[in-house]
Each structure stands twice: as C-alpha cells, then as structure tokens.
Amino acid sequence: MEKDWYKRMAFYQIWIRSFYDGNGDGIGDLYGVYEKLPYIKSLGVDGIWFSPLYPSPNADYGYDISDYKNIHPDYGDLEQFQKVLDKAHSLGLKVIMDLVVNHTSDEHPWFQESRKSRDNPYSDYYIWRDGKNGKLPNNWDSLFEGKAWEYCPERDQYYLHIFAKKQPDLNMDNPKVREEVKSIMRFWLDRGVDGFREDVITFISKADNLPNGLPFIPAANGLPFYKDGPHIHEYLAEFRKVCQEYDCFQLGEGPMTSTRSALSYLTGKNKSLDLMFHFDHMFADCIFTEYMQRPFHLRSLKHAFSKWQKALNGKAWNTLYLENHDHPRVISRYGNERYHRVSGSMLAVCYLFQQGTPFVYQGQEIGMTNIKLASIDQYVDVSSHNNYHTFHLKDSVEKRMERIHASSRDSARTPMQWDDSKNAGFTTGKPWFYINPNYRRINVAAEEEQPFSILKLYRRCLHYRKNSEVALWGDYKEYDKSSNQLYVYKRTYQQKSLLVVCSFSTHCLKWHTIKEFRGKKGKLVICNYPNPVHGMLKPYEARVYEYDSACGETGKR
Ligand code: GLC
Ligand code: CA
C-alpha cells in the first residue's frame, strides 16, 4: 500500500439523515447509502467520510453519542454497515468515520453512572466541579447553549459542557477514558474502516484548574484554556499508536486553528494527525461565526486560501473544502443564487485545483442552496436556536430570521435532492425535515441531463485532478492578489503548469492572461461555459489552462 495514499484522494461527506432513505420511513439510512454508492463512485471521489452513524438522542444530530460501538437504529445496524463498507471497498472507495470524543451524550451509560455519585467507577469520566460561593465553577461559555456548566443535584456539582447541555465533556486526563477511546478506534478499525475524522479534537485537553477567562470576553469565554490544551500532544500520541497498527489515517477538526498550531499536529516529533480541517476560509462573509454577517469579500477568501497553501507547502498537506454539515451552502454565500449554475461550477474550480485533499459535501455537487423557513421554530439545529435567542436581540424578528437564513447549519442538512418527483426522490415516506422548494429545478436527475451542469463540472474536475501530477503535487502561486473580482493561481510541477482563473463578478471582465504566460500555448482543459471568448471572462467564468513547460520555478513534491 502506498504511503500517504490520502494525498491522491478526494472524499465525499455523507450526513446520513438527509442523504437517501432506503426503507421509506422518511430518514436517510445505510440502505440508501448502499444503493447510492455507484453514484458516489461516479463523481470521481475515492472515499467517504461519514458524519456520526452511532446511536444518539440527536440533541446535536449525531454529535451527541450514546453508544460508540453501534449504529443508530434509524440508519440500520452493524450488519448493514458492514455491507456498505465492503461494497464501498469493492468499488475502490475508502471509508472514514467520525470520532467524537471531546464529549458524549448525557444519555450515554458512562454519564448516567457518572452523575449518580462522587464515588462510582465512572465518577471521573467527566469534568465535575463544585460551585464557587453559590456560583458556577468558572466563567466559561459553552459554544452552543449559555454557560459551560450544568448543575446536577445528585452530586451537588456541575459538569462541564463546551457544546450543548446534553453534550458533557469527557475527562481526557483520566487514563481510563483514553483507554475507552482506543477501544472505540479498534472496534471500527477491526471492522475495516480506513481512518477517522476527529471531531473538535484540539479541545480534548483542558488547562489544569480550569482558570477563569478575562471577564469582558463576549462569547466563547474559556477557549484559550481548552484549545490546544497542555496534554493534547500526549493524548493524541496515544491514539496515533493505535492507528499505526492499521493502515489508516487521521484527520482532525481544528476550529480557530492557525497555520502554526496546525503544523504542530501535522509535522515534527509530535505529529499526531495527517490532515486538519481549519476554518479560515469560512469567514469571508462573517466574523467569527456565520451568524455575524458582513458582505462577502473575495480578497479575504483568497488570503485565507493562499495563507494555508503557502504555510503547509512541502511540510504538511492541506484539506480543501467549501461546505460541510456545519456551514450554510456555499452558492448562497460566496456565489450567487441568481447565477446558480455558473457560480456553483466556478466555486468548484476555485478550490479543487489547489494542493490538498478535497472534500465534497452531499448536495454541494448539484449546487444545493440555503433554505429559508419562516419561523425559528421550524429549525432543529441547537446552535441556530442559541444564536437566535442570544445575539442581536434588539433587531426585529425579520432581521434575525434573515441572519438565520444566511447562517443556519440546517441549510446544509435539508434532504438531498435526487429528482423532481415528490419529496425530491429522497423518500417515499414523510421526510424528517423540510425539503428545499427549489428541488424541482435543482436535483441530481436534472444535473445529469444538462451538458454544462454543476454536477458535470465536479466530475470533470475530480477526474482531471486524479490523473494529473501537476494538479496533485504542484506548488501554488497566487496572482493579482488585490483584485476583488478575480482569483488567479498557478500550480507548477516539473515541466507542467496549470493556470486557474476564476471570476467572482456578475459582469463580463476583460481578461488577457498574466504576463508570464503571454505568448505561450496553453490548452484549455476546464471551463464552465461552452464557448469561452478570447479576451473576456463572462460572469462567474472559470478556466483551467494546462501548459507544457513550467513557467518559472519547478515544483517539488
Ligand atoms: C463539530 C461538528 C459539529 C458539532 C460539534 C460538537 O464541530 O462538526 O457538527 O456540533 O463538533 O460535536
Ligand atoms: Ca430510513
């Protein structure tokens, strides 16, 4: 097996509840995934990342786990999982699981035991503290629901929850908890999975004594005391050892991670992860969270892209993504719903040709967009409710709903639109959540028919990438950094170059290639318009040119 095989790959992310319902109860499941594996394969991806499939009360839709070694009955059972895994493997698709070990569900048997008393075998599995003079143990905020502490009368103590109240944080300082994590990893690796996406893994080690944050911090108070905490590298080294017994890879989620901090996980003596998801390019239209909107700013998107391309080059490997289950749909943010097809396909080009391992989130490949439900009560995501009821309370309901429309994670979680039949072909039953009414226009079947559809462009890009050494390994260089309309970059490897040109404008723009390439004969290998015009880019046009002799430097692997 080739080492670092994940560098050649592209992944498809499945958030199963909304992917495809195979048994008609209105909820996506592993029977549905089984049926759609050939579709996934047809995209040109090489692997699947499953958001959590485990039993969960769904306070955070799967990220609150009540049994790590089983499958949620809504989604099937272990036998059906094995069928999906084996079929995926037979199609040449790897499968990675979500490993969510910063917290469990409060309905997990460990917590049910832990909460009973201060001296039971599980009493130290979580982070319990006494109140301080009738107040909370410290001033930390949770990221999802008020303060980070919840009182438990049985113990007359508080437990820590960095996320929702129903997601108590595990006490990773307890060696028994770390043994549990390793046993969970082995459980899935023994079944044949190929790795893990490790949920908020940079949060699992908390600072000793849990010190107070500064009193005037308006949100996420406490973050510096649990992000990249004091024992994080020790604990991750233990988990790494387990993975090294298998041929698998580890991808960590690193909210608010800087390039410097990412490199501390991805390189050197503490190397404990192969890849990391950072969030920098998710803030080109918002501040800190999507709920705090500002107008989209291409320069800040480009800056984030280029910063990571540069910082990791030759040292570590990037992940590339524009969407996942935690962010609204990218066409509604960085593209333009009125220029649906061209902006959706341009966005594909703009990230798929960077250096790294790309991820495509279900529905992204057909250009699904944000849903706009009339009332906050129709939303189910815990963080949307929290945002709505915590921030900008003086704004009108309409204003706050606009914020929800632009930011809710539920926009990424509406059922997948397969065709224009009832329920978008997602289920024969009653769908568990609202289907975006635009499904009659935006769906897989329609995209299969149109010659220049978003779906077809994703396929073309992904197929091109995997067969192109320069697209896989080439160095990255950005041009025209100050432009707020064009994103232009070059990849170079040995004697080949790619020039990627993406317009984010609703107007036609004059375009003569950059100086370095003038007079050179390039081959246009990707374009999202059928008849590109010389000297001009149409709205949201994207082009990729291939050149045979490297212009300037030579790329290294
Ligand atoms: C990660 C997940 C997100 C979840 C959170 C808490 O950020 O991607 O969906 O809500 O962790 O587990
Ligand atoms: Ca079902």
# chains A, B, ... in the order shown; residues from 1 in each chain; ligands from 1

call {"tool": "residues_near_ligand", "arguments": {"ligand": "ligand 2", "cutoff": "6 Å", "atoms": "only C-alpha atoms and all ligand atoms", "output": "list of chain:residue names"}}
result
A:Asp21, A:Gly22, A:Asn23, A:Gly24, A:Asp25, A:Gly26, A:Ile27, A:Gly28, A:Asp29

call {"tool": "write_last_selection", "arguments": {"atoms": "N, CA and C atoms", "output": "PDB file, in the first residue's frame"}}
result
ATOM      1  N   ASP A  21     -33.163   7.837   1.742  1.00  0.00           N
ATOM      2  CA  ASP A  21     -33.935   6.934   2.586  1.00  0.00           C
ATOM      3  C   ASP A  21     -34.210   5.629   1.842  1.00  0.00           C
ATOM      4  N   GLY A  22     -33.652   4.552   2.357  1.00  0.00           N
ATOM      5  CA  GLY A  22     -33.799   3.270   1.664  1.00  0.00           C
ATOM      6  C   GLY A  22     -35.008   2.461   2.107  1.00  0.00           C
ATOM      7  N   ASN A  23     -35.635   2.822   3.248  1.00  0.00           N
ATOM      8  CA  ASN A  23     -36.739   1.969   3.717  1.00  0.00           C
ATOM      9  C   ASN A  23     -38.038   2.739   3.964  1.00  0.00           C
ATOM     10  N   GLY A  24     -38.114   3.954   3.458  1.00  0.00           N
ATOM     11  CA  GLY A  24     -39.403   4.646   3.426  1.00  0.00           C
ATOM     12  C   GLY A  24     -39.910   5.230   4.739  1.00  0.00           C
ATOM     13  N   ASP A  25     -39.035   5.354   5.745  1.00  0.00           N
ATOM     14  CA  ASP A  25     -39.531   5.953   6.998  1.00  0.00           C
ATOM     15  C   ASP A  25     -39.245   7.455   7.076  1.00  0.00           C
ATOM     16  N   GLY A  26     -38.725   8.025   6.002  1.00  0.00           N
ATOM     17  CA  GLY A  26     -38.516   9.472   5.974  1.00  0.00           C
ATOM     18  C   GLY A  26     -37.136   9.914   6.444  1.00  0.00           C
ATOM     19  N   ILE A  27     -36.301   8.933   6.819  1.00  0.00           N
ATOM     20  CA  ILE A  27     -34.965   9.253   7.358  1.00  0.00           C
ATOM     21  C   ILE A  27     -33.910   8.540   6.505  1.00  0.00           C
ATOM     22  N   GLY A  28     -32.919   9.271   6.089  1.00  0.00           N
ATOM     23  CA  GLY A  28     -31.820   8.681   5.324  1.00  0.00           C
ATOM     24  C   GLY A  28     -31.164   7.571   6.129  1.00  0.00           C
ATOM     25  N   ASP A  29     -30.585   6.581   5.445  1.00  0.00           N
ATOM     26  CA  ASP A  29     -30.056   5.425   6.170  1.00  0.00           C
ATOM     27  C   ASP A  29     -28.995   4.695   5.349  1.00  0.00           C
TER      28      ASP A  29
END

call {"tool": "residues_around", "arguments": {"residues": "Asn436 (chain A)", "least_positions_apart": "3", "cutoff": "7 Å", "atoms": "only C-alpha atoms", "output": "PyMOL selection string"}}
result
chain A and resi 371+414+439

call {"tool": "write_last_selection", "arguments": {"atoms": "C-alpha atoms", "output": "tab-separated table (two decimals), in the first residue's frame"}}
result
chain	number	residue	atom	x	y	z
A	371	ILE	CA	-33.39	27.00	2.84
A	414	THR	CA	-32.09	19.53	4.17
A	439	TYR	CA	-35.82	20.83	-5.70

call {"tool": "residues_around", "arguments": {"residues": "Leu78 (chain A)", "least_positions_apart": "3", "cutoff": "12 Å", "atoms": "only C-alpha atoms", "output": "ChimeraX atom specification"}}
result
/A:30-31,53-55,68-73,75,81-85,187-188,191

call {"tool": "write_last_selection", "arguments": {"atoms": "N, CA, C and O atoms", "output": "PDB file, in the first residue's frame"}}
result
ATOM      1  N   LEU A  30     -28.462   3.627   5.953  1.00  0.00           N
ATOM      2  CA  LEU A  30     -27.393   2.870   5.295  1.00  0.00           C
ATOM      3  C   LEU A  30     -27.908   2.015   4.139  1.00  0.00           C
ATOM      4  O   LEU A  30     -27.135   1.606   3.280  1.00  0.00           O
ATOM      5  N   TYR A  31     -29.224   1.747   4.118  1.00  0.00           N
ATOM      6  CA  TYR A  31     -29.784   1.048   2.955  1.00  0.00           C
ATOM      7  C   TYR A  31     -29.735   1.995   1.758  1.00  0.00           C
ATOM      8  O   TYR A  31     -29.414   1.604   0.637  1.00  0.00           O
ATOM      9  N   LEU A  53     -22.763   7.943  12.689  1.00  0.00           N
ATOM     10  CA  LEU A  53     -23.826   6.975  12.381  1.00  0.00           C
ATOM     11  C   LEU A  53     -24.334   6.307  13.652  1.00  0.00           C
ATOM     12  O   LEU A  53     -25.190   5.443  13.607  1.00  0.00           O
ATOM     13  N   TYR A  54     -23.786   6.695  14.795  1.00  0.00           N
ATOM     14  CA  TYR A  54     -23.996   5.956  16.039  1.00  0.00           C
ATOM     15  C   TYR A  54     -25.319   6.340  16.716  1.00  0.00           C
ATOM     16  O   TYR A  54     -25.865   7.416  16.453  1.00  0.00           O
ATOM     17  N   PRO A  55     -25.777   5.472  17.646  1.00  0.00           N
ATOM     18  CA  PRO A  55     -26.964   5.841  18.423  1.00  0.00           C
ATOM     19  C   PRO A  55     -26.776   7.195  19.098  1.00  0.00           C
ATOM     20  O   PRO A  55     -25.696   7.477  19.646  1.00  0.00           O
ATOM     21  N   TYR A  68     -20.896   4.212  21.318  1.00  0.00           N
ATOM     22  CA  TYR A  68     -19.872   4.391  20.280  1.00  0.00           C
ATOM     23  C   TYR A  68     -19.673   3.165  19.403  1.00  0.00           C
ATOM     24  O   TYR A  68     -18.994   3.233  18.393  1.00  0.00           O
ATOM     25  N   LYS A  69     -20.219   2.031  19.867  1.00  0.00           N
ATOM     26  CA  LYS A  69     -19.904   0.794  19.153  1.00  0.00           C
ATOM     27  C   LYS A  69     -21.152   0.194  18.519  1.00  0.00           C
ATOM     28  O   LYS A  69     -21.350  -1.008  18.527  1.00  0.00           O
ATOM     29  N   ASN A  70     -21.974   1.052  18.003  1.00  0.00           N
ATOM     30  CA  ASN A  70     -23.191   0.560  17.368  1.00  0.00           C
ATOM     31  C   ASN A  70     -23.654   1.558  16.308  1.00  0.00           C
ATOM     32  O   ASN A  70     -23.065   2.633  16.163  1.00  0.00           O
ATOM     33  N   ILE A  71     -24.708   1.179  15.606  1.00  0.00           N
ATOM     34  CA  ILE A  71     -25.282   2.041  14.570  1.00  0.00           C
ATOM     35  C   ILE A  71     -26.652   2.497  15.061  1.00  0.00           C
ATOM     36  O   ILE A  71     -27.397   1.713  15.659  1.00  0.00           O
ATOM     37  N   HIS A  72     -26.975   3.751  14.829  1.00  0.00           N
ATOM     38  CA  HIS A  72     -28.287   4.284  15.203  1.00  0.00           C
ATOM     39  C   HIS A  72     -29.371   3.460  14.509  1.00  0.00           C
ATOM     40  O   HIS A  72     -29.294   3.253  13.291  1.00  0.00           O
ATOM     41  N   PRO A  73     -30.375   2.976  15.252  1.00  0.00           N
ATOM     42  CA  PRO A  73     -31.423   2.165  14.616  1.00  0.00           C
ATOM     43  C   PRO A  73     -32.113   2.881  13.445  1.00  0.00           C
ATOM     44  O   PRO A  73     -32.584   2.231  12.520  1.00  0.00           O
ATOM     45  N   TYR A  75     -30.632   4.321  11.173  1.00  0.00           N
ATOM     46  CA  TYR A  75     -29.754   4.216   9.999  1.00  0.00           C
ATOM     47  C   TYR A  75     -29.452   2.780   9.589  1.00  0.00           C
ATOM     48  O   TYR A  75     -28.860   2.563   8.531  1.00  0.00           O
ATOM     49  N   PHE A  81     -24.036  -1.872   8.098  1.00  0.00           N
ATOM     50  CA  PHE A  81     -22.824  -1.059   7.974  1.00  0.00           C
ATOM     51  C   PHE A  81     -21.733  -1.856   7.270  1.00  0.00           C
ATOM     52  O   PHE A  81     -21.053  -1.350   6.371  1.00  0.00           O
ATOM     53  N   GLN A  82     -21.580  -3.112   7.690  1.00  0.00           N
ATOM     54  CA  GLN A  82     -20.529  -3.943   7.094  1.00  0.00           C
ATOM     55  C   GLN A  82     -20.762  -4.119   5.591  1.00  0.00           C
ATOM     56  O   GLN A  82     -19.826  -4.080   4.797  1.00  0.00           O
ATOM     57  N   LYS A  83     -22.027  -4.267   5.225  1.00  0.00           N
ATOM     58  CA  LYS A  83     -22.349  -4.405   3.790  1.00  0.00           C
ATOM     59  C   LYS A  83     -21.921  -3.160   3.014  1.00  0.00           C
ATOM     60  O   LYS A  83     -21.350  -3.254   1.931  1.00  0.00           O
ATOM     61  N   VAL A  84     -22.238  -1.999   3.603  1.00  0.00           N
ATOM     62  CA  VAL A  84     -21.875  -0.746   2.935  1.00  0.00           C
ATOM     63  C   VAL A  84     -20.358  -0.636   2.833  1.00  0.00           C
ATOM     64  O   VAL A  84     -19.797  -0.302   1.781  1.00  0.00           O
ATOM     65  N   LEU A  85     -19.689  -0.966   3.932  1.00  0.00           N
ATOM     66  CA  LEU A  85     -18.227  -0.868   3.954  1.00  0.00           C
ATOM     67  C   LEU A  85     -17.603  -1.794   2.905  1.00  0.00           C
ATOM     68  O   LEU A  85     -16.718  -1.383   2.141  1.00  0.00           O
ATOM     69  N   PHE A 187     -12.370  -0.902  17.607  1.00  0.00           N
ATOM     70  CA  PHE A 187     -13.645  -1.523  17.232  1.00  0.00           C
ATOM     71  C   PHE A 187     -13.938  -1.275  15.747  1.00  0.00           C
ATOM     72  O   PHE A 187     -14.276  -2.188  15.002  1.00  0.00           O
ATOM     73  N   TRP A 188     -13.768  -0.031  15.316  1.00  0.00           N
ATOM     74  CA  TRP A 188     -14.095   0.296  13.916  1.00  0.00           C
ATOM     75  C   TRP A 188     -12.976  -0.093  12.968  1.00  0.00           C
ATOM     76  O   TRP A 188     -13.226  -0.542  11.848  1.00  0.00           O
ATOM     77  N   ARG A 191     -13.189  -3.624  12.014  1.00  0.00           N
ATOM     78  CA  ARG A 191     -14.225  -3.876  11.013  1.00  0.00           C
ATOM     79  C   ARG A 191     -13.778  -3.470   9.619  1.00  0.00           C
ATOM     80  O   ARG A 191     -14.462  -3.740   8.651  1.00  0.00           O
TER      81      ARG A 191
END

call {"tool": "residues_around", "arguments": {"residues": "Ser66 (chain A)", "least_positions_apart": "3", "cutoff": "8 Å", "atoms": "only C-alpha atoms", "output": "PyMOL selection string"}}
result
chain A and resi 54-57+104-109

call {"tool": "select_by_dssp", "arguments": {"residues": "region 263-448 of chain A", "states": "alpha helix (DSSP H)", "output": "JSON, numbers by chain"}}
result
{"A": [263, 264, 265, 266, 298, 299, 300, 301, 302, 303, 304, 305, 306, 307, 308, 309, 310, 311, 312, 330, 331, 332, 333, 340, 341, 342, 343, 344, 345, 346, 347, 348, 349, 350, 351, 352, 382, 383, 384, 385, 386, 387, 388, 389, 390, 397, 398, 399, 400, 401, 402, 403, 404, 405, 406, 407, 444, 445, 446, 447, 448]}

call {"tool": "residues_near_ligand", "arguments": {"ligand": "ligand 1", "cutoff": "9 Å", "atoms": "only C-alpha atoms and all ligand atoms", "output": "JSON, numbers by chain"}}
result
{"A": [51, 60, 61, 62, 63, 64, 100, 101, 102, 103, 104, 143, 144, 162, 163, 164, 167, 198, 199, 200, 201, 253, 254, 255, 324, 325, 326, 381, 382, 383, 409]}

call {"tool": "residues_around", "arguments": {"residues": "Lys147 (chain A)", "least_positions_apart": "3", "cutoff": "12 Å", "atoms": "only C-alpha atoms", "output": "PyMOL selection string"}}
result
chain A and resi 135-144+150-151+158-165+218-222+386+390

call {"tool": "write_last_selection", "arguments": {"atoms": "C-alpha atoms", "output": "PDB file, in the first residue's frame"}}
result
ATOM      1  CA  LYS A 135     -21.857  30.434  41.645  1.00  0.00           C
ATOM      2  CA  LEU A 136     -20.646  28.418  38.655  1.00  0.00           C
ATOM      3  CA  PRO A 137     -17.160  26.846  38.918  1.00  0.00           C
ATOM      4  CA  ASN A 138     -15.771  29.369  36.392  1.00  0.00           C
ATOM      5  CA  ASN A 139     -16.899  31.922  33.808  1.00  0.00           C
ATOM      6  CA  TRP A 140     -16.574  29.825  30.659  1.00  0.00           C
ATOM      7  CA  ASP A 141     -19.198  29.977  27.942  1.00  0.00           C
ATOM      8  CA  SER A 142     -20.433  26.985  26.048  1.00  0.00           C
ATOM      9  CA  LEU A 143     -20.310  27.331  22.282  1.00  0.00           C
ATOM     10  CA  PHE A 144     -23.910  26.179  21.889  1.00  0.00           C
ATOM     11  CA  GLU A 150     -24.836  22.480  34.265  1.00  0.00           C
ATOM     12  CA  TYR A 151     -25.866  21.597  37.796  1.00  0.00           C
ATOM     13  CA  TYR A 158     -21.609  20.991  38.000  1.00  0.00           C
ATOM     14  CA  TYR A 159     -20.422  19.255  34.843  1.00  0.00           C
ATOM     15  CA  LEU A 160     -18.610  20.994  32.025  1.00  0.00           C
ATOM     16  CA  HIS A 161     -20.127  21.161  28.534  1.00  0.00           C
ATOM     17  CA  ILE A 162     -18.246  23.125  25.880  1.00  0.00           C
ATOM     18  CA  PHE A 163     -21.119  22.406  23.474  1.00  0.00           C
ATOM     19  CA  ALA A 164     -24.808  21.763  24.301  1.00  0.00           C
ATOM     20  CA  LYS A 165     -26.046  20.850  27.772  1.00  0.00           C
ATOM     21  CA  PRO A 218     -18.460  38.459  24.975  1.00  0.00           C
ATOM     22  CA  ALA A 219     -18.584  34.870  23.646  1.00  0.00           C
ATOM     23  CA  ALA A 220     -16.632  31.604  23.843  1.00  0.00           C
ATOM     24  CA  ASN A 221     -15.021  32.667  27.096  1.00  0.00           C
ATOM     25  CA  GLY A 222     -12.545  30.000  28.214  1.00  0.00           C
ATOM     26  CA  ASN A 386     -28.843  29.553  20.521  1.00  0.00           C
ATOM     27  CA  THR A 390     -28.627  35.103  22.381  1.00  0.00           C
TER      28      THR A 390
END
